[in-house]
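Have a look at upload.pdb below; it lists PDB, C-alpha atoms, pLDDT in the B column.
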ATOM      1  CA  MET A   1     -51.394  -3.458   6.755  1.00 82.00           C
ATOM      2  CA  GLU A   2     -48.570  -2.657   4.349  1.00 83.00           C
ATOM      3  CA  ALA A   3     -44.820  -2.182   4.621  1.00 87.00           C
ATOM      4  CA  GLY A   4     -42.041  -1.281   2.220  1.00 87.00           C
ATOM      5  CA  ALA A   5     -38.272  -1.500   2.172  1.00 88.00           C
ATOM      6  CA  PRO A   6     -36.301   0.866  -0.062  1.00 88.00           C
ATOM      7  CA  ILE A   7     -33.827  -0.703  -2.472  1.00 87.00           C
ATOM      8  CA  CYS A   8     -30.878   1.643  -2.899  1.00 85.00           C
ATOM      9  CA  ILE A   9     -27.582   1.345  -4.694  1.00 82.00           C
ATOM     10  CA  GLY A  10     -25.192   3.734  -3.042  1.00 79.00           C
ATOM     11  CA  SER A  11     -27.339   6.751  -2.306  1.00 83.00           C
ATOM     12  CA  LYS A  12     -29.678   6.236  -5.282  1.00 86.00           C
ATOM     13  CA  HIS A  13     -33.145   4.819  -4.609  1.00 88.00           C
ATOM     14  CA  ILE A  14     -33.968   2.414  -7.437  1.00 87.00           C
ATOM     15  CA  ALA A  15     -37.029   0.523  -6.163  1.00 88.00           C
ATOM     16  CA  THR A  16     -39.137  -0.413  -3.178  1.00 88.00           C
ATOM     17  CA  TRP A  17     -39.916  -3.947  -2.083  1.00 85.00           C
ATOM     18  CA  GLY A  18     -43.478  -3.948  -0.848  1.00 88.00           C
ATOM     19  CA  LEU A  19     -45.213  -6.220   1.621  1.00 84.00           C
ATOM     20  CA  GLY A  20     -48.849  -5.618   1.856  1.00 78.00           C
ATOM     21  CA  GLN A  21     -52.501  -6.292   1.785  1.00 82.00           C
ATOM     22  CA  VAL A  22     -52.390  -8.143   5.052  1.00 88.00           C
ATOM     23  CA  CYS A  23     -55.215  -7.942   7.570  1.00 88.00           C
ATOM     24  CA  ASP A  24     -54.629  -8.164  11.284  1.00 89.00           C
ATOM     25  CA  GLY A  25     -57.939  -9.954  11.941  1.00 86.00           C
ATOM     26  CA  THR A  26     -59.763  -6.956  13.401  1.00 89.00           C
ATOM     27  CA  GLN A  27     -61.604  -6.277  10.117  1.00 89.00           C
ATOM     28  CA  THR A  28     -65.027  -7.803   9.494  1.00 91.00           C
ATOM     29  CA  GLU A  29     -67.051  -8.439   6.337  1.00 92.00           C
ATOM     30  CA  SER A  30     -69.678  -5.991   7.515  1.00 93.00           C
ATOM     31  CA  GLY A  31     -66.973  -3.381   8.028  1.00 93.00           C
ATOM     32  CA  ILE A  32     -65.652  -4.052   4.512  1.00 92.00           C
ATOM     33  CA  ARG A  33     -69.181  -3.666   3.033  1.00 93.00           C
ATOM     34  CA  GLU A  34     -69.679  -0.398   4.879  1.00 94.00           C
ATOM     35  CA  TYR A  35     -66.284   0.898   3.696  1.00 93.00           C
ATOM     36  CA  ALA A  36     -67.034  -0.207   0.090  1.00 94.00           C
ATOM     37  CA  ARG A  37     -70.331   1.773   0.168  1.00 95.00           C
ATOM     38  CA  SER A  38     -68.583   4.849   1.580  1.00 96.00           C
ATOM     39  CA  ILE A  39     -66.081   4.957  -1.305  1.00 95.00           C
ATOM     40  CA  GLY A  40     -68.566   3.902  -3.977  1.00 95.00           C
ATOM     41  CA  VAL A  41     -67.291   0.460  -4.997  1.00 95.00           C
ATOM     42  CA  ASP A  42     -69.065  -2.869  -5.464  1.00 95.00           C
ATOM     43  CA  GLU A  43     -69.626  -4.396  -1.998  1.00 94.00           C
ATOM     44  CA  VAL A  44     -69.551  -8.015  -3.245  1.00 95.00           C
ATOM     45  CA  ALA A  45     -66.268  -7.478  -5.106  1.00 95.00           C
ATOM     46  CA  ALA A  46     -64.771  -5.771  -2.032  1.00 94.00           C
ATOM     47  CA  VAL A  47     -65.792  -8.682   0.242  1.00 94.00           C
ATOM     48  CA  ASP A  48     -64.468 -11.230  -2.289  1.00 94.00           C
ATOM     49  CA  ALA A  49     -61.126  -9.376  -2.386  1.00 92.00           C
ATOM     50  CA  TYR A  50     -61.098  -9.171   1.426  1.00 91.00           C
ATOM     51  CA  ARG A  51     -61.493 -12.955   1.689  1.00 92.00           C
ATOM     52  CA  GLU A  52     -58.281 -13.437  -0.381  1.00 91.00           C
ATOM     53  CA  VAL A  53     -56.207 -11.172   1.865  1.00 90.00           C
ATOM     54  CA  THR A  54     -53.792 -12.914   4.248  1.00 90.00           C
ATOM     55  CA  VAL A  55     -54.644 -12.600   7.921  1.00 91.00           C
ATOM     56  CA  MET A  56     -51.680 -12.075  10.206  1.00 91.00           C
ATOM     57  CA  SER A  57     -51.217 -10.645  13.680  1.00 91.00           C
ATOM     58  CA  ARG A  58     -49.679  -7.176  13.839  1.00 89.00           C
ATOM     59  CA  GLU A  59     -46.756  -8.604  15.822  1.00 92.00           C
ATOM     60  CA  ARG A  60     -46.080 -11.265  13.166  1.00 92.00           C
ATOM     61  CA  PHE A  61     -46.438  -8.695  10.370  1.00 90.00           C
ATOM     62  CA  GLU A  62     -43.889  -6.410  12.042  1.00 91.00           C
ATOM     63  CA  LYS A  63     -41.406  -9.323  12.368  1.00 93.00           C
ATOM     64  CA  VAL A  64     -41.848 -10.174   8.695  1.00 91.00           C
ATOM     65  CA  ALA A  65     -41.467  -6.507   7.732  1.00 91.00           C
ATOM     66  CA  ARG A  66     -38.248  -6.172   9.804  1.00 92.00           C
ATOM     67  CA  MET A  67     -36.884  -9.371   8.248  1.00 93.00           C
ATOM     68  CA  MET A  68     -37.740  -8.063   4.763  1.00 91.00           C
ATOM     69  CA  TYR A  69     -36.002  -4.775   5.556  1.00 91.00           C
ATOM     70  CA  ASP A  70     -32.866  -6.616   6.768  1.00 94.00           C
ATOM     71  CA  VAL A  71     -32.785  -8.830   3.664  1.00 93.00           C
ATOM     72  CA  VAL A  72     -33.197  -5.826   1.364  1.00 90.00           C
ATOM     73  CA  LYS A  73     -30.487  -3.954   3.241  1.00 90.00           C
ATOM     74  CA  GLN A  74     -28.077  -6.891   2.868  1.00 92.00           C
ATOM     75  CA  LEU A  75     -28.920  -7.336  -0.808  1.00 89.00           C
ATOM     76  CA  THR A  76     -28.418  -3.655  -1.564  1.00 89.00           C
ATOM     77  CA  GLU A  77     -25.089  -3.637   0.281  1.00 90.00           C
ATOM     78  CA  ILE A  78     -23.973  -6.677  -1.726  1.00 92.00           C
ATOM     79  CA  GLY A  79     -25.192  -5.006  -4.919  1.00 88.00           C
ATOM     80  CA  TRP A  80     -23.271  -1.823  -4.106  1.00 90.00           C
ATOM     81  CA  GLN A  81     -20.136  -3.836  -3.308  1.00 93.00           C
ATOM     82  CA  ASN A  82     -20.491  -5.703  -6.618  1.00 93.00           C
ATOM     83  CA  ILE A  83     -20.766  -2.423  -8.510  1.00 91.00           C
ATOM     84  CA  GLN A  84     -17.706  -1.045  -6.717  1.00 93.00           C
ATOM     85  CA  GLN A  85     -15.786  -4.278  -7.416  1.00 96.00           C
ATOM     86  CA  ALA A  86     -16.775  -4.160 -11.082  1.00 96.00           C
ATOM     87  CA  ARG A  87     -15.510  -0.565 -11.289  1.00 96.00           C
ATOM     88  CA  LEU A  88     -12.234  -1.576  -9.646  1.00 97.00           C
ATOM     89  CA  ASN A  89     -11.888  -4.517 -12.037  1.00 97.00           C
ATOM     90  CA  VAL A  90     -12.385  -2.233 -15.051  1.00 97.00           C
ATOM     91  CA  GLU A  91      -9.915   0.285 -13.620  1.00 97.00           C
ATOM     92  CA  ARG A  92      -7.378  -2.471 -12.879  1.00 97.00           C
ATOM     93  CA  SER A  93      -7.792  -3.852 -16.390  1.00 97.00           C
ATOM     94  CA  GLU A  94      -7.168  -0.408 -17.897  1.00 97.00           C
ATOM     95  CA  ILE A  95      -4.107   0.119 -15.686  1.00 97.00           C
ATOM     96  CA  LEU A  96      -2.682  -3.286 -16.664  1.00 97.00           C
ATOM     97  CA  LYS A  97      -3.285  -2.501 -20.338  1.00 98.00           C
ATOM     98  CA  GLU A  98      -1.396   0.795 -19.981  1.00 97.00           C
ATOM     99  CA  LEU A  99       1.378  -0.960 -18.045  1.00 97.00           C
ATOM    100  CA  ARG A 100       1.811  -3.504 -20.847  1.00 97.00           C
ATOM    101  CA  LYS A 101       2.008  -0.657 -23.385  1.00 97.00           C
ATOM    102  CA  SER A 102       4.575   1.140 -21.247  1.00 97.00           C
ATOM    103  CA  GLU A 103       6.652  -2.031 -20.860  1.00 95.00           C
ATOM    104  CA  ALA A 104       6.574  -2.574 -24.636  1.00 96.00           C
ATOM    105  CA  ARG A 105       7.692   1.027 -25.198  1.00 96.00           C
ATOM    106  CA  LEU A 106      10.537   0.626 -22.684  1.00 94.00           C
ATOM    107  CA  LYS A 107      11.638  -2.614 -24.335  1.00 93.00           C
ATOM    108  CA  GLU A 108      11.614  -0.944 -27.758  1.00 94.00           C
ATOM    109  CA  ALA A 109      13.490   2.113 -26.453  1.00 94.00           C
ATOM    110  CA  GLN A 110      16.137  -0.061 -24.809  1.00 93.00           C
ATOM    111  CA  SER A 111      16.577  -2.017 -28.035  1.00 91.00           C
ATOM    112  CA  ILE A 112      16.963   1.145 -30.122  1.00 93.00           C
ATOM    113  CA  ALA A 113      19.351   2.755 -27.603  1.00 92.00           C
ATOM    114  CA  LYS A 114      21.250  -0.500 -27.025  1.00 87.00           C
ATOM    115  CA  MET A 115      20.677  -0.099 -23.285  1.00 87.00           C
ATOM    116  CA  GLY A 116      19.471  -2.603 -20.721  1.00 87.00           C
ATOM    117  CA  ASN A 117      18.778  -2.747 -17.040  1.00 86.00           C
ATOM    118  CA  PHE A 118      18.864  -5.256 -14.230  1.00 85.00           C
ATOM    119  CA  GLU A 119      17.611  -5.441 -10.655  1.00 86.00           C
ATOM    120  CA  HIS A 120      19.053  -7.268  -7.691  1.00 82.00           C
ATOM    121  CA  ASP A 121      16.889  -7.557  -4.572  1.00 83.00           C
ATOM    122  CA  PHE A 122      19.329  -8.258  -1.771  1.00 78.00           C
ATOM    123  CA  LEU A 123      16.628  -9.092   0.766  1.00 79.00           C
ATOM    124  CA  LYS A 124      14.966 -11.708  -1.421  1.00 85.00           C
ATOM    125  CA  ASN A 125      18.215 -12.585  -3.214  1.00 82.00           C
ATOM    126  CA  THR A 126      16.542 -12.343  -6.617  1.00 87.00           C
ATOM    127  CA  VAL A 127      18.022 -10.965  -9.837  1.00 89.00           C
ATOM    128  CA  TRP A 128      16.181  -9.805 -12.963  1.00 90.00           C
ATOM    129  CA  TRP A 129      17.611  -8.730 -16.318  1.00 90.00           C
ATOM    130  CA  SER A 130      15.834  -6.991 -19.156  1.00 92.00           C
ATOM    131  CA  ASP A 131      15.938  -8.741 -22.534  1.00 91.00           C
ATOM    132  CA  GLN A 132      18.298  -6.038 -23.775  1.00 91.00           C
ATOM    133  CA  ALA A 133      20.658  -6.637 -20.826  1.00 88.00           C
ATOM    134  CA  TYR A 134      20.958 -10.277 -21.961  1.00 89.00           C
ATOM    135  CA  LYS A 135      21.706  -9.126 -25.507  1.00 88.00           C
ATOM    136  CA  ILE A 136      24.255  -6.514 -24.431  1.00 85.00           C
ATOM    137  CA  LEU A 137      26.060  -9.077 -22.285  1.00 84.00           C
ATOM    138  CA  ASP A 138      26.010 -11.491 -25.224  1.00 84.00           C
ATOM    139  CA  TYR A 139      23.820 -14.098 -23.528  1.00 86.00           C
ATOM    140  CA  PRO A 140      20.778 -15.720 -25.128  1.00 87.00           C
ATOM    141  CA  VAL A 141      17.637 -14.187 -23.602  1.00 85.00           C
ATOM    142  CA  SER A 142      16.526 -16.242 -20.584  1.00 74.00           C
ATOM    143  CA  ASP A 143      18.929 -19.024 -21.552  1.00 78.00           C
ATOM    144  CA  ILE A 144      20.850 -18.647 -18.299  1.00 84.00           C
ATOM    145  CA  PRO A 145      19.472 -17.580 -14.936  1.00 88.00           C
ATOM    146  CA  PRO A 146      20.530 -14.001 -14.254  1.00 89.00           C
ATOM    147  CA  SER A 147      22.940 -13.553 -11.372  1.00 86.00           C
ATOM    148  CA  LEU A 148      25.181 -10.830 -10.046  1.00 83.00           C
ATOM    149  CA  GLU A 149      28.206 -13.061 -10.554  1.00 86.00           C
ATOM    150  CA  THR A 150      27.361 -13.698 -14.224  1.00 86.00           C
ATOM    151  CA  PHE A 151      26.931  -9.961 -14.721  1.00 85.00           C
ATOM    152  CA  ILE A 152      30.173  -9.089 -12.950  1.00 85.00           C
ATOM    153  CA  ASN A 153      32.093 -11.573 -15.131  1.00 84.00           C
ATOM    154  CA  ARG A 154      31.310  -9.429 -18.200  1.00 84.00           C
ATOM    155  CA  LEU A 155      32.560  -6.152 -16.659  1.00 85.00           C
ATOM    156  CA  SER A 156      35.931  -4.517 -17.132  1.00 84.00           C
ATOM    157  CA  ASP A 157      38.277  -4.968 -14.174  1.00 85.00           C
ATOM    158  CA  ASP A 158      37.826  -1.362 -13.022  1.00 86.00           C
ATOM    159  CA  ASP A 159      34.045  -1.618 -13.136  1.00 88.00           C
ATOM    160  CA  LYS A 160      34.069  -4.981 -11.314  1.00 88.00           C
ATOM    161  CA  ASN A 161      35.703  -3.337  -8.311  1.00 89.00           C
ATOM    162  CA  LYS A 162      33.388  -0.288  -8.446  1.00 89.00           C
ATOM    163  CA  LEU A 163      30.307  -2.486  -8.655  1.00 86.00           C
ATOM    164  CA  ILE A 164      31.387  -4.747  -5.803  1.00 86.00           C
ATOM    165  CA  THR A 165      31.959  -1.649  -3.637  1.00 88.00           C
ATOM    166  CA  LEU A 166      28.537  -0.229  -4.567  1.00 87.00           C
ATOM    167  CA  VAL A 167      26.821  -3.568  -3.911  1.00 85.00           C
ATOM    168  CA  GLU A 168      28.408  -3.853  -0.466  1.00 87.00           C
ATOM    169  CA  ALA A 169      27.343  -0.270   0.355  1.00 87.00           C
ATOM    170  CA  ALA A 170      23.820  -0.978  -0.908  1.00 84.00           C
ATOM    171  CA  LYS A 171      23.591  -4.072   1.294  1.00 82.00           C
ATOM    172  CA  LYS A 172      24.926  -2.177   4.298  1.00 86.00           C
ATOM    173  CA  TYR A 173      22.842   1.016   3.929  1.00 87.00           C
ATOM    174  CA  GLY A 174      19.853  -0.291   1.950  1.00 80.00           C
ATOM    175  CA  GLU A 175      20.140   2.354  -0.764  1.00 80.00           C
ATOM    176  CA  ASP A 176      19.650   2.061  -4.510  1.00 81.00           C
ATOM    177  CA  PHE A 177      22.492   2.992  -6.821  1.00 80.00           C
ATOM    178  CA  PHE A 178      23.076   3.781 -10.480  1.00 79.00           C
ATOM    179  CA  MET A 179      26.222   3.109 -12.448  1.00 81.00           C
ATOM    180  CA  ASN A 180      27.323   3.084 -16.085  1.00 80.00           C
ATOM    181  CA  PHE A 181      29.350  -0.010 -16.949  1.00 76.00           C
ATOM    182  CA  SER A 182      32.013  -1.011 -19.424  1.00 73.00           C
ATOM    183  CA  TYR A 183      31.669  -4.650 -20.317  1.00 72.00           C
ATOM    184  CA  GLN A 184      33.559  -7.273 -22.249  1.00 64.00           C
ATOM    185  CA  ILE A 185      31.984  -9.569 -24.778  1.00 64.00           C
ATOM    186  CA  SER A 186      33.518 -12.947 -25.503  1.00 60.00           C
ATOM    187  CA  GLU A 187      34.744 -13.553 -29.011  1.00 54.00           C
TER     188      GLU A 187
END
Any chance you could give the structure as structure tokens?
Amino acid sequence: MEAGAPICIGSKHIATWGLGQVCDGTQTESGIREYARSIGVDEVAAVDAYREVTVMSRERFEKVARMMYDVVKQLTEIGWQNIQQARLNVERSEILKELRKSEARLKEAQSIAKMGNFEHDFLKNTVWWSDQAYKILDYPVSDIPPSLETFINRLSDDDKNKLITLVEAAKKYGEDFFMNFSYQISE
């Protein structure tokens, strides 16, 4: 008796795991000799080879074959998942590399244009300033924690009122806003 389980990665068959050369106990030495004569091979060698073959009931062989098939199926699924994960990792790495390049370009562009930006997440109550925003507002980069209040203190009086109105509307309606500011730098 023989059995095989295909090893596939995705839809591509790459190998077969074989289980074989098992006798179910119904064969006899005389039957092996007769078969060896009919195909023209050495009877003694055929009987010697037969004696080395594992004897197993058909029922037991089928259980082993099903188990082998299940193991191969699990291994190929894990292999396919590993390949997919490796592809995602490479793709993620490439995306992060491009993101870092883009961030560096933005930082350089802001420096050249003497522009900065900041974000205020009202739900999480977090504030972030770009390095150039620190420089424009005449603060050492990351020397002070960014806050809306610190930012507002640098604005002209007119812009303070406009910004406070926009912030209140943003909180109330959950919308983003954009505004150009005039700011004051300490002497």
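Nearest residue to A:Val64, choosing from A:Glu108, A:Asn117, A:Glu168, A:Glu2 and counting all atoms listed in the file: A:Glu2.
The residue that comes closest to A:Lys114, out of A:Val22, A:Leu137, A:Met1, A:Leu99 and on the basis of all atoms listed in the file, is A:Leu137.
Between atom CA of A:Thr16 and atom CA of A:Glu62 the interatomic distance comes to 17.0 Å.
Residue nearest A:Val55, chosen from A:Asp176, A:Asp24, A:Gln132, A:Gln81 and counting all atoms listed in the file: A:Asp24.
Among the candidates A:Arg66, A:Lys101, A:Arg60, A:Arg37, the one nearest to A:Gly4 when counting all atoms listed in the file is A:Arg66.
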Expanded to explicit residues, what is the PyMOL selection byres ((chain A and resi 51) around 12) for this file, as a short mmCIF file (atom, residue, chain, number, x, y, z; two decimals) with C-alpha atoms, in the coordinates of the input?
data_model
loop_
_atom_site.label_atom_id
_atom_site.label_comp_id
_atom_site.auth_asym_id
_atom_site.auth_seq_id
_atom_site.Cartn_x
_atom_site.Cartn_y
_atom_site.Cartn_z
CA GLN A 21 -52.50 -6.29 1.78
CA VAL A 22 -52.39 -8.14 5.05
CA CYS A 23 -55.22 -7.94 7.57
CA GLY A 25 -57.94 -9.95 11.94
CA GLN A 27 -61.60 -6.28 10.12
CA THR A 28 -65.03 -7.80 9.49
CA GLU A 29 -67.05 -8.44 6.34
CA ILE A 32 -65.65 -4.05 4.51
CA VAL A 44 -69.55 -8.02 -3.24
CA ALA A 45 -66.27 -7.48 -5.11
CA ALA A 46 -64.77 -5.77 -2.03
CA VAL A 47 -65.79 -8.68 0.24
CA ASP A 48 -64.47 -11.23 -2.29
CA ALA A 49 -61.13 -9.38 -2.39
CA TYR A 50 -61.10 -9.17 1.43
CA GLU A 52 -58.28 -13.44 -0.38
CA VAL A 53 -56.21 -11.17 1.86
CA THR A 54 -53.79 -12.91 4.25
CA VAL A 55 -54.64 -12.60 7.92
#
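If you look at atom CA of A:Ile9 and atom CA of A:Arg92, they are 22.1 Å away from each other.
The coordinates place atom CA of A:Thr150 at 20.6 Å from atom CA of A:Gln110.
Checking A:Glu43, A:Asp159, A:Asp70, A:Asp131 one by one against A:Pro6, counting only C-alpha atoms, you find the shortest gap at A:Asp70.
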Give the padded box for stretch 110-122 of chain A as AutoDock Vina command-line options: axis-aligned, covering all atoms listed in the file, 3 Å on each side, centre and edge lengths in Å to one decimal.
--center_x 18.7 --center_y -2.8 --center_z -15.9 --size_x 11.1 --size_y 17.0 --size_z 34.4
Since the input is missing atoms for stretch 31-46 of chain A, could you rebuild it with N, CA and C atoms and give the result as a PDB file, in the coordinates of the input?
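Saved result, part.pdb, follows:
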ATOM      1  N   GLY A  31     -67.778  -4.599   8.078  1.00 93.00           N
ATOM      2  CA  GLY A  31     -66.973  -3.381   8.028  1.00 93.00           C
ATOM      3  C   GLY A  31     -66.475  -3.108   6.617  1.00 93.00           C
ATOM      4  N   ILE A  32     -66.128  -4.186   5.891  1.00 92.00           N
ATOM      5  CA  ILE A  32     -65.652  -4.052   4.512  1.00 92.00           C
ATOM      6  C   ILE A  32     -66.788  -3.562   3.628  1.00 92.00           C
ATOM      7  N   ARG A  33     -68.022  -4.112   3.829  1.00 93.00           N
ATOM      8  CA  ARG A  33     -69.181  -3.666   3.033  1.00 93.00           C
ATOM      9  C   ARG A  33     -69.446  -2.178   3.277  1.00 93.00           C
ATOM     10  N   GLU A  34     -69.418  -1.805   4.531  1.00 94.00           N
ATOM     11  CA  GLU A  34     -69.679  -0.398   4.879  1.00 94.00           C
ATOM     12  C   GLU A  34     -68.638   0.514   4.240  1.00 94.00           C
ATOM     13  N   TYR A  35     -67.353   0.106   4.300  1.00 93.00           N
ATOM     14  CA  TYR A  35     -66.284   0.898   3.696  1.00 93.00           C
ATOM     15  C   TYR A  35     -66.455   0.970   2.179  1.00 93.00           C
ATOM     16  N   ALA A  36     -66.826  -0.180   1.545  1.00 94.00           N
ATOM     17  CA  ALA A  36     -67.034  -0.207   0.090  1.00 94.00           C
ATOM     18  C   ALA A  36     -68.128   0.778  -0.306  1.00 94.00           C
ATOM     19  N   ARG A  37     -69.237   0.831   0.462  1.00 95.00           N
ATOM     20  CA  ARG A  37     -70.331   1.773   0.168  1.00 95.00           C
ATOM     21  C   ARG A  37     -69.835   3.212   0.306  1.00 95.00           C
ATOM     22  N   SER A  38     -69.025   3.475   1.330  1.00 96.00           N
ATOM     23  CA  SER A  38     -68.583   4.849   1.580  1.00 96.00           C
ATOM     24  C   SER A  38     -67.676   5.385   0.474  1.00 96.00           C
ATOM     25  N   ILE A  39     -66.972   4.485  -0.234  1.00 95.00           N
ATOM     26  CA  ILE A  39     -66.081   4.957  -1.305  1.00 95.00           C
ATOM     27  C   ILE A  39     -66.664   4.685  -2.689  1.00 95.00           C
ATOM     28  N   GLY A  40     -67.857   4.086  -2.718  1.00 95.00           N
ATOM     29  CA  GLY A  40     -68.566   3.902  -3.977  1.00 95.00           C
ATOM     30  C   GLY A  40     -68.078   2.754  -4.834  1.00 95.00           C
ATOM     31  N   VAL A  41     -67.697   1.633  -4.219  1.00 95.00           N
ATOM     32  CA  VAL A  41     -67.291   0.460  -4.997  1.00 95.00           C
ATOM     33  C   VAL A  41     -68.250  -0.689  -4.712  1.00 95.00           C
ATOM     34  N   ASP A  42     -68.194  -1.697  -5.569  1.00 95.00           N
ATOM     35  CA  ASP A  42     -69.065  -2.869  -5.464  1.00 95.00           C
ATOM     36  C   ASP A  42     -68.774  -3.606  -4.156  1.00 95.00           C
ATOM     37  N   GLU A  43     -69.793  -3.749  -3.299  1.00 94.00           N
ATOM     38  CA  GLU A  43     -69.626  -4.396  -1.998  1.00 94.00           C
ATOM     39  C   GLU A  43     -69.219  -5.864  -2.140  1.00 94.00           C
ATOM     40  N   VAL A  44     -69.842  -6.592  -3.064  1.00 95.00           N
ATOM     41  CA  VAL A  44     -69.551  -8.015  -3.245  1.00 95.00           C
ATOM     42  C   VAL A  44     -68.098  -8.198  -3.690  1.00 95.00           C
ATOM     43  N   ALA A  45     -67.653  -7.391  -4.638  1.00 95.00           N
ATOM     44  CA  ALA A  45     -66.268  -7.478  -5.106  1.00 95.00           C
ATOM     45  C   ALA A  45     -65.294  -7.146  -3.971  1.00 95.00           C
ATOM     46  N   ALA A  46     -65.625  -6.154  -3.161  1.00 94.00           N
ATOM     47  CA  ALA A  46     -64.771  -5.771  -2.032  1.00 94.00           C
ATOM     48  C   ALA A  46     -64.674  -6.910  -1.019  1.00 94.00           C
TER      49      ALA A  46
END
